[in-house]
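Written out below as structure tokens is the structure these notes cover.
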Amino acid sequence: MKKHFIYFVALSLFGGSLFAQTKSITDSTYAIQEVQVIGNTQKKASVSKLSIPLHYLPLSVSSVSSSTLEMKSITNIQDAIRLIPGATIRSSYGAYQQMQVRGFDYTPIMIDGVRDERTSINNSAPFPDLSSVESIELLKGPSSVLYGHSAAGGILNVVRKAPAAKQILKTLLSYGSWDNKRAMMDFGGNLAGPLNYRAVINWSDVEGYRYTNDKRFSGYLALGAKLSPSQEIELRGGFNRDWYGTEIGLPRLMSNDIYTLDGEKYLGKGDMLPGLNKRWRYNNQSDFMINNGSNLMLRYSRTFSDKFKIENRLAYNYDNIDYFSTEELSYRESSSAIYPYYYLNNGNKQYISLDSVQLTYPLRFAYTVNVINEQFEASGRIQLPYGIKYNYLAGYNFVYFSRDTYRGYGGTNPDTQKSYTLSDLIDGPGLYSVVSSYNPHSMGYMDPYFGSGTSNRNYTNGVYLQNLLEMSKKFKLMLAGRFDTYLFKTATISFDKTKERVKYKDVDYSKTNSSAFTYRVGGVYLPKENLSVYGSFSNFFTPYRDVVSPTIIYIDQNGNRIYPTDNGEAFKPQTGYQGELGARYSLGTRLQVTACVYYIRRNNEKKTLKTGVVEDGVTKSVVGIIGSTESKGLELELTANPFAGMRINAGYSFTDASILNLKKNDYLNEDPQKGIHLAGVPMNTLFTIANYDFRKGLLRRTSVFASVTYTDHIYRDISKTVIFPSYWLTDMGISHKLKNGIQLKMNVNNVFNHYYFNQSLSTQIVPGLPRNYLMTVSYSM
């Protein structure tokens with residue numbers, strides 16, 4: 001026993017140098033139905049849509065199960081994504097999440113196989129807690145052939161808990177560092193006859209390391225019934241009521257070398273102001289963000305035979321954001337020597353005060369989102385001549401997306417026809433207030449108004465067919481195609497300043513539309529039952545939402561000026577492709593290993609090339625298609641069960657994502673960005689997690705775990721204004737189950753108290769969490 005425990009600790013702490021970070025597609029935590037057999041033949045991925053063992057498919061899928069989330073006490077999506085190779089997620093403003101996979105952003109998120117369209121506008125949105133989640137699956141690589149537009153790097157599918165026939169009851173109470181409080185109840189069973197249910201209620205309130213005082217409340221209910229041996233119906237719904245304190249970080253890093261009045265260098269460019277307490281908060285007392293959301297999905301399926309099955313999913317999603325927050329912290333400056341420091345600006349001294357910062361640009365906005373998603377699919381398996389088995393899935397998908405946005409900045413006063421200034425839309429002494437750099441306190445409230453808004457509408461139609469031919473026991477062939485049409489409408493609206501959300505009426509929309517055909521071709525070869533080798537080639541598209549404007553000069557991919565027509569397509573969609581090769585190997589239940597290499601190229605990259613161009617008395621901007629980006633990488637994943645009670649998961653990803661080329665034109669004569677690594681993408685990440693269950697002796701029913709993660713340095717933007725340094729994090733935990741169903745658990749995160757940061761607002765750094773703990777008492781039956 002002692003030998004096993006030493007082995008566990010060694011693998012947990014030092015396995016990161018041997019293995020890689022992530023969840024394996026053959027991981028035992030992958031099985032959505034909690035299948036205990038780990039062999040590849042048991043693994044099926046709902047995100048692939050085909051009810052086929054994963055090792056028959058030329059796809060790369062990783063996942064995290066509810067058991068792993070529970071073991072590490074993970075309730076936030078950003079913590080879960082750390083357990084998936086090739087994926088990263090960035091937080092901003094204290095609540096917004098922006099995900100990247102294999103070096104590319106705009107990663108659609110699915111809830112039970114239905115797209116969460118909130119990210120279709122700006123690739124960033126808050127995400128509810130994970131208390132109702134059964135598993136998280138990531139289908140890597142271009143996925144437009146299955147899920148439509150904007151799926152360059154992959155698709156994330158969040159699978160919620162299914163109705164349960166047997167009685168389930170689990171409750172927990174948690175308390176941790178910085179007054180972190182949480183209560184959760186998960187229960188289910190049979191209601192009556194064939195009707196089963198599952199319900200989850202979750203509440204949390206945390207002061208936080210940075211005093212954000214976030215509060216979250218969510219609920220989930222799933223009802224399901226088997227109407228007959230061939231028919232099933234299920235209704236799932238959830239809501240969240242979340243309040244966030246927002247996050248603007250610490251005062252800005254130095255943008256220049258700073259000197260004392262005596263001419264001595266005090267700070268270098270990129271240095272942080274010395275002596276700052278990492279917990280100091282510079283937000284105004286009026287800052288807040290509220291996210292209220294709800295969703296409903298009805299699923300019906302009927303199986304006529306093995307050859308033909310139909311399934312329909314109709315979903316509705318509502319999301320409401322209300323946001324006001326300080327954003328920009330500025331040092332006061334003067335051309336006169338009234339401050340004790342200065343920097344050189346074109347050879348001239350610009351004097352600067354470092355003992356205080358000014359709240360110069362608070363941001364106010366709100367939006368309401370309504371989404372209707374209809375998805376109908378038919379699938380089956382047909383025996384063809386010569387022993388060939390044909391698996392197919394055909395479907396149609398319609399999405400209606402509505403987003404009305406309200407802004408407390410910009411806009412025009414309808415009466416005076418003058419543009420609103422910030423002081424027109426924000427009352428109170430907090431606006432432009434000055435707070436101490438070393439003892440920050442709010443200097444008064446701010447009371448914001450709305451003065452303009454935007455109304456957006458998306459309409460998407462897609463038809464698709466996915467085929468998998470089992471040519472023999474050793475050869476599998478995939479052929480898949482999809483055709484999408486996409487219509488985008490938008491209108492900008494100004495109105496008298498108001499605190500209420502006005503109802504948009506008689507809106508005059510401008511529109512643009514596009515269409516695309518996407519495909520996937522791939523094959524799998526199984527030389528042995530426990531070894532599969534696969535290859536695939538697929539493409540993707542992302543529509544541009546540029547409506548034709550008289551204040552824009554348009555440049556095509558050849559550097560020539562073009563003149564798109566009103567309500568036409570300003571630019572062709574962004575397109576690209578991926579080639580991937582991979583292999584999967586299993587040694588019974590003891591070991592599973594997967595590896596893949598890939599290359600992705602994204603074309604038709606768009607950029608604003610120049611602003612302030614005056615033409616015929618009109619000031620215009622120049623926007624053009626300027627080139628391509630690429631990403632190439634390697635991913636390794638491993639799951640091992642070396643002896644009874646011991647489980648190890650590890651993974652590694654190498655991602656080299658960079659600007660490939662820029663096409664020169666009259667407004668872009670050089671390509672200084674060629675070869676620059678893309679922002680927000682670590683080149684190397686690795687992960688290992690090990691847990692051991694004691695099954696004998698005094699420690700029987702006790703479990704221990706440890707995990708180590710590594711994240712390489714990250715550029716915040718391609719100009720490298722901020723570089724987040726690489727960092728290691730080590731977490732540990734222990735739990736013990738009593739005979740009466742009570743479990744006691746302790747988690748300690750960032751055990752070695754490593755200082756790191758992985759987010760910032762401009763150059764305002766947000767410190768990462770130091771060592772922290774969480775104690776949990778739970779009961780289950």
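Every chain in the structure tokens takes a letter, A first, then B, and so on in the order presented; its residues are numbered from 1, and the ligands are numbered from 1 following the presented order.
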
- Message: I'd like the neighbourhood of Met781 of chain A as a PyMOL selection string, where a residue qualifies if any of its atoms comes within 8 Å (using only C-alpha atoms), though same-chain residues fewer than 3 positions away should be ignored.
- Response: chain A and resi 168-170+741

May I have the residues from that selection written out with C-alpha atoms, as a PDB file, in the first residue's frame?
```
ATOM      1  CA  ILE A 168     -30.734   9.749  -7.042  1.00  0.00           C
ATOM      2  CA  LEU A 169     -30.056  12.201  -4.266  1.00  0.00           C
ATOM      3  CA  LYS A 170     -26.897  14.172  -3.703  1.00  0.00           C
ATOM      4  CA  GLY A 741     -23.378   8.147   2.591  1.00  0.00           C
TER       5      GLY A 741
END
```

Can you pull out the residues contacting Ile81 of chain A? Cut-off 10 Å, using only C-alpha atoms, and skip same-chain residues under 4 positions away; I want them as a compact mmCIF listing (two decimals) with C-alpha atoms, in the first residue's frame.
```txt
# COMPACT_ATOMS: atom_id res chain seq x y z
CA THR A 22 -5.60 16.67 -21.17
CA LYS A 23 -8.36 14.18 -21.21
CA SER A 63 -13.70 14.98 -23.00
CA VAL A 64 -14.04 15.66 -19.29
CA ASN A 76 -16.40 27.00 -14.01
CA ILE A 77 -15.89 26.31 -17.72
CA PRO A 85 -5.40 19.43 -25.00
CA GLY A 86 -5.26 21.99 -27.78
CA ALA A 87 -7.91 24.20 -26.16
CA THR A 88 -7.56 27.42 -24.18
CA ILE A 89 -10.05 29.86 -22.77
CA MET A 99 -12.41 29.97 -26.30
CA ILE A 136 -17.87 18.05 -21.80
CA LEU A 138 -14.53 18.70 -27.70
CA LEU A 156 -17.44 22.13 -27.69
```

- Message: I need the residues of segment 292-409 of chain A that end up classed as strand (DSSP E) by DSSP on the backbone, written out as number ranges by chain.
- Response: A: 292-305, 308-330, 333-334, 341-345, 348-352, 356-383, 389-407

- For Pro429 of chain A, which of A:Phe752, A:Gly444, A:Val61, A:Ser286 is the closest residue, counting only C-alpha atoms? A:Gly444

- Message: Just want the 10 Å neighbourhood of segment 183-185 of chain A, counted on only C-alpha atoms, with same-chain residues fewer than 6 positions away dropped. Output as a list of chain:residue names.
- Response: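 Near segment 183-185 of chain A, the qualifying residues are A:Ser131, A:Ser132, A:Leu169, A:Lys170, A:Thr171, A:Leu172, A:Leu173, A:Ser174, A:Tyr175, A:Ala199, A:Val200, A:Ile201, A:Asn202, A:Trp203, A:Ser204, A:Asp205, A:Phe217, A:Ser218, A:Gly219, A:Thr776, A:Val777, A:Ser778, A:Tyr779, A:Ser780.
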
- Task: Write out as a list in words which residues come within 8 Å of segment 570-575 of chain A when counting only C-alpha atoms, dropping same-chain ones fewer than 4 positions away.
- Result: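 Those residues are Thr512, Ser514, Asn539, Phe540, Phe541, Thr542, Pro543, Tyr544, Asp546, Val547, Val548, Tyr554, Asp556, Pro564, Thr565, Arg602, Asn603, Asn604, Glu605 and Ile625 of chain A.
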
- Message: Which residues are near Tyr599 of chain A? Cut-off 10 Å, only C-alpha atoms, ignore same chain within fewer than 3 positions. Put them as a list in words.
- Response: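 The contact residues come out as Arg102, Gly141, Phe537, Tyr577, Gln578, Gly579, Glu580, Leu581, Glu630, Ser631, Lys632, Gly633, Leu634, Thr655, Asp656 and Ala657 of chain A.
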
- Of the listed residues A:Ile555, A:Ile742, A:Ala583, A:Leu591, that which approaches Leu636 of chain A most closely, counting only C-alpha atoms: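 For Leu636 of chain A, the nearest of the candidates is A:Ala583.
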
- Message: List as a list of chain:residue names the protein and nucleic acid residues near Asp427 of chain A, meaning an atom at most 8 Å away when only C-alpha atoms are counted, but skip any in the same chain fewer than 2 places from it.
- Response: A:Ser423, A:Asp424, A:Leu425, A:Pro429, A:Leu431, A:Met446, A:Asp447, A:Pro448

- Item | Residue nearest Met71 of chain A - candidates A:Val434, A:Val502, A:Met683, A:Ala690, atoms counted: only C-alpha atoms |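 Closest residue, counting only C-alpha atoms: A:Ala690.
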
How close does each residue of segment 634-743 of chain A get to segment 249-263 of chain A, giving the shortest atom pair and distance in Å to one decimal for every residue with an atom at most 12 Å away, counting only C-alpha atoms, sorted by chain and residue number, as CSV?
```
residue,atom,partner,partner_atom,distance
A:Thr721,CA,A:Ser255,CA,8.6
A:Val722,CA,A:Leu253,CA,8.7
A:Ile723,CA,A:Leu253,CA,11.4
```

- When distances are computed from only C-alpha atoms, which of A:Arg457, A:Val766, A:Lys309, A:Leu354 shows the smallest separation from Tyr282 of chain A?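 That would be A:Val766, the residue with the smallest distance to Tyr282 of chain A.
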
Sorted by chain and rising residue number, which residues of segment 643-693 of chain A lie within 10 Å of segment 728-736 of chain A, and what are their closest atom pairs and distances in Å to one decimal, counting only C-alpha atoms, as JSON lines?
```
{"residue": "A:Thr685", "atom": "CA", "partner": "A:Trp728", "partner_atom": "CA", "distance": 9.8}
{"residue": "A:Leu686", "atom": "CA", "partner": "A:Trp728", "partner_atom": "CA", "distance": 9.5}
{"residue": "A:Phe687", "atom": "CA", "partner": "A:Leu729", "partner_atom": "CA", "distance": 9.6}
{"residue": "A:Thr688", "atom": "CA", "partner": "A:Thr730", "partner_atom": "CA", "distance": 9.8}
{"residue": "A:Ile689", "atom": "CA", "partner": "A:Asp731", "partner_atom": "CA", "distance": 9.1}
{"residue": "A:Ala690", "atom": "CA", "partner": "A:Met732", "partner_atom": "CA", "distance": 9.7}
{"residue": "A:Asn691", "atom": "CA", "partner": "A:Gly733", "partner_atom": "CA", "distance": 9.1}
{"residue": "A:Tyr692", "atom": "CA", "partner": "A:Ile734", "partner_atom": "CA", "distance": 9.7}
{"residue": "A:Asp693", "atom": "CA", "partner": "A:Ser735", "partner_atom": "CA", "distance": 9.5}
```

- Task: Tell me which of A:Thr589, A:Gln759, A:Thr460, A:Thr551 sits closest to Gly617 of chain A, counting only C-alpha atoms.
- Result: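 Among the listed residues, the smallest separation from Gly617 of chain A belongs to A:Thr551.
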
- Task: Fewer than 5 positions away in the same chain doesn't count, so skip those; otherwise give me all residues within 9 Å of segment 224-237 of chain A, counting only C-alpha atoms, as a PyMOL selection string.
- Result: chain A and resi 160+162-164+193-198+219+294-305

Output N, CA, C and O atoms for every residue in the selection just made, as a JSON list (two decimals), in the first residue's frame.
```
[["chain", "number", "residue", "atom", "x", "y", "z"],
["A", 160, "ARG", "N", -25.64, 17.72, -20.58],
["A", 160, "ARG", "CA", -26.21, 17.81, -19.24],
["A", 160, "ARG", "C", -26.77, 16.46, -18.78],
["A", 160, "ARG", "O", -26.92, 15.53, -19.56],
["A", 162, "ALA", "N", -28.94, 13.39, -17.66],
["A", 162, "ALA", "CA", -30.15, 12.82, -18.23],
["A", 162, "ALA", "C", -31.12, 12.40, -17.13],
["A", 162, "ALA", "O", -30.71, 12.17, -15.98],
["A", 163, "PRO", "N", -32.41, 12.30, -17.46],
["A", 163, "PRO", "CA", -33.37, 11.78, -16.48],
["A", 163, "PRO", "C", -32.94, 10.40, -15.99],
["A", 163, "PRO", "O", -32.37, 9.61, -16.74],
["A", 164, "ALA", "N", -33.21, 10.11, -14.73],
["A", 164, "ALA", "CA", -32.76, 8.86, -14.12],
["A", 164, "ALA", "C", -33.95, 8.00, -13.72],
["A", 164, "ALA", "O", -34.91, 8.50, -13.11],
["A", 193, "GLY", "N", -45.14, 5.97, -13.86],
["A", 193, "GLY", "CA", -45.15, 5.20, -15.09],
["A", 193, "GLY", "C", -43.80, 5.27, -15.79],
["A", 193, "GLY", "O", -42.75, 5.01, -15.18],
["A", 194, "PRO", "N", -43.78, 5.65, -17.06],
["A", 194, "PRO", "CA", -42.51, 5.72, -17.80],
["A", 194, "PRO", "C", -41.76, 7.03, -17.62],
["A", 194, "PRO", "O", -40.69, 7.22, -18.19],
["A", 195, "LEU", "N", -42.32, 7.96, -16.83],
["A", 195, "LEU", "CA", -41.76, 9.31, -16.73],
["A", 195, "LEU", "C", -40.68, 9.37, -15.64],
["A", 195, "LEU", "O", -40.95, 9.14, -14.45],
["A", 196, "ASN", "N", -39.45, 9.72, -16.06],
["A", 196, "ASN", "CA", -38.32, 9.90, -15.15],
["A", 196, "ASN", "C", -37.89, 11.36, -15.15],
["A", 196, "ASN", "O", -38.22, 12.11, -16.07],
["A", 197, "TYR", "N", -37.13, 11.73, -14.13],
["A", 197, "TYR", "CA", -36.70, 13.13, -14.05],
["A", 197, "TYR", "C", -35.31, 13.23, -13.45],
["A", 197, "TYR", "O", -34.79, 12.29, -12.85],
["A", 198, "ARG", "N", -34.71, 14.42, -13.62],
["A", 198, "ARG", "CA", -33.44, 14.79, -12.99],
["A", 198, "ARG", "C", -33.47, 16.29, -12.75],
["A", 198, "ARG", "O", -33.87, 17.06, -13.65],
["A", 219, "GLY", "N", -30.64, 26.57, -11.94],
["A", 219, "GLY", "CA", -31.51, 25.41, -11.79],
["A", 219, "GLY", "C", -31.64, 24.66, -13.10],
["A", 219, "GLY", "O", -31.47, 25.24, -14.19],
["A", 294, "SER", "N", -32.11, 31.58, -19.71],
["A", 294, "SER", "CA", -32.96, 30.40, -19.59],
["A", 294, "SER", "C", -32.97, 29.67, -20.92],
["A", 294, "SER", "O", -32.71, 30.27, -21.98],
["A", 295, "ASN", "N", -33.26, 28.39, -20.87],
["A", 295, "ASN", "CA", -33.27, 27.59, -22.09],
["A", 295, "ASN", "C", -34.24, 26.43, -21.94],
["A", 295, "ASN", "O", -34.54, 25.98, -20.84],
["A", 296, "LEU", "N", -34.70, 25.97, -23.08],
["A", 296, "LEU", "CA", -35.67, 24.87, -23.12],
["A", 296, "LEU", "C", -35.41, 24.06, -24.38],
["A", 296, "LEU", "O", -35.23, 24.63, -25.46],
["A", 297, "MET", "N", -35.36, 22.73, -24.24],
["A", 297, "MET", "CA", -35.17, 21.87, -25.40],
["A", 297, "MET", "C", -36.10, 20.67, -25.33],
["A", 297, "MET", "O", -36.18, 19.99, -24.30],
["A", 298, "LEU", "N", -36.80, 20.42, -26.43],
["A", 298, "LEU", "CA", -37.69, 19.25, -26.55],
["A", 298, "LEU", "C", -37.10, 18.31, -27.58],
["A", 298, "LEU", "O", -36.85, 18.70, -28.73],
["A", 299, "ARG", "N", -36.86, 17.07, -27.17],
["A", 299, "ARG", "CA", -36.30, 16.06, -28.08],
["A", 299, "ARG", "C", -37.27, 14.89, -28.21],
["A", 299, "ARG", "O", -37.78, 14.38, -27.23],
["A", 300, "TYR", "N", -37.50, 14.49, -29.45],
["A", 300, "TYR", "CA", -38.35, 13.33, -29.74],
["A", 300, "TYR", "C", -37.61, 12.41, -30.69],
["A", 300, "TYR", "O", -37.01, 12.86, -31.68],
["A", 301, "SER", "N", -37.62, 11.12, -30.40],
["A", 301, "SER", "CA", -36.98, 10.16, -31.31],
["A", 301, "SER", "C", -37.88, 8.94, -31.48],
["A", 301, "SER", "O", -38.62, 8.55, -30.57],
["A", 302, "ARG", "N", -37.79, 8.37, -32.67],
["A", 302, "ARG", "CA", -38.54, 7.15, -32.97],
["A", 302, "ARG", "C", -37.69, 6.25, -33.83],
["A", 302, "ARG", "O", -37.13, 6.69, -34.85],
["A", 303, "THR", "N", -37.59, 5.00, -33.43],
["A", 303, "THR", "CA", -36.83, 4.01, -34.16],
["A", 303, "THR", "C", -37.79, 3.07, -34.89],
["A", 303, "THR", "O", -38.58, 2.37, -34.26],
["A", 304, "PHE", "N", -37.73, 3.10, -36.21],
["A", 304, "PHE", "CA", -38.58, 2.22, -37.01],
["A", 304, "PHE", "C", -37.91, 0.87, -37.21],
["A", 304, "PHE", "O", -38.56, -0.17, -37.23],
["A", 305, "SER", "N", -36.60, 0.91, -37.36],
["A", 305, "SER", "CA", -35.79, -0.30, -37.50],
["A", 305, "SER", "C", -34.34, 0.12, -37.40],
["A", 305, "SER", "O", -34.03, 1.30, -37.24]]
```

- Which value, in Å to one decimal, gives the distance between atom CA of Ile74 of chain A and atom CA of Tyr323 of chain A?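 Value for the atom CA of Ile74 of chain A-atom CA of Tyr323 of chain A distance: 25.7 Å.
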
- Task: Run DSSP on the backbone and grab whatever in segment 393-435 of chain A lands in alpha helix (DSSP H); send it over as an NGL selection string.
- Result: :A and (422-425)

Atoms to include: N, CA, C and O atoms. Write the selected residues as a short mmCIF file (atom, residue, chain, number, x, y, z; two decimals), in the first residue's frame.
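Final output, part-v5.cif:
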```cif
data_model
loop_
_atom_site.label_atom_id
_atom_site.label_comp_id
_atom_site.auth_asym_id
_atom_site.auth_seq_id
_atom_site.Cartn_x
_atom_site.Cartn_y
_atom_site.Cartn_z
N LEU A 422 -19.28 61.22 -23.39
CA LEU A 422 -19.39 60.29 -22.26
C LEU A 422 -20.10 60.96 -21.08
O LEU A 422 -20.91 60.34 -20.39
N SER A 423 -19.81 62.25 -20.86
CA SER A 423 -20.44 62.95 -19.74
C SER A 423 -21.93 63.19 -19.99
O SER A 423 -22.68 63.43 -19.04
N ASP A 424 -22.38 63.15 -21.26
CA ASP A 424 -23.82 63.25 -21.54
C ASP A 424 -24.56 62.01 -21.04
O ASP A 424 -25.74 62.10 -20.69
N LEU A 425 -23.87 60.87 -21.02
CA LEU A 425 -24.53 59.61 -20.75
C LEU A 425 -24.21 59.02 -19.38
O LEU A 425 -24.74 57.97 -19.02
#
```
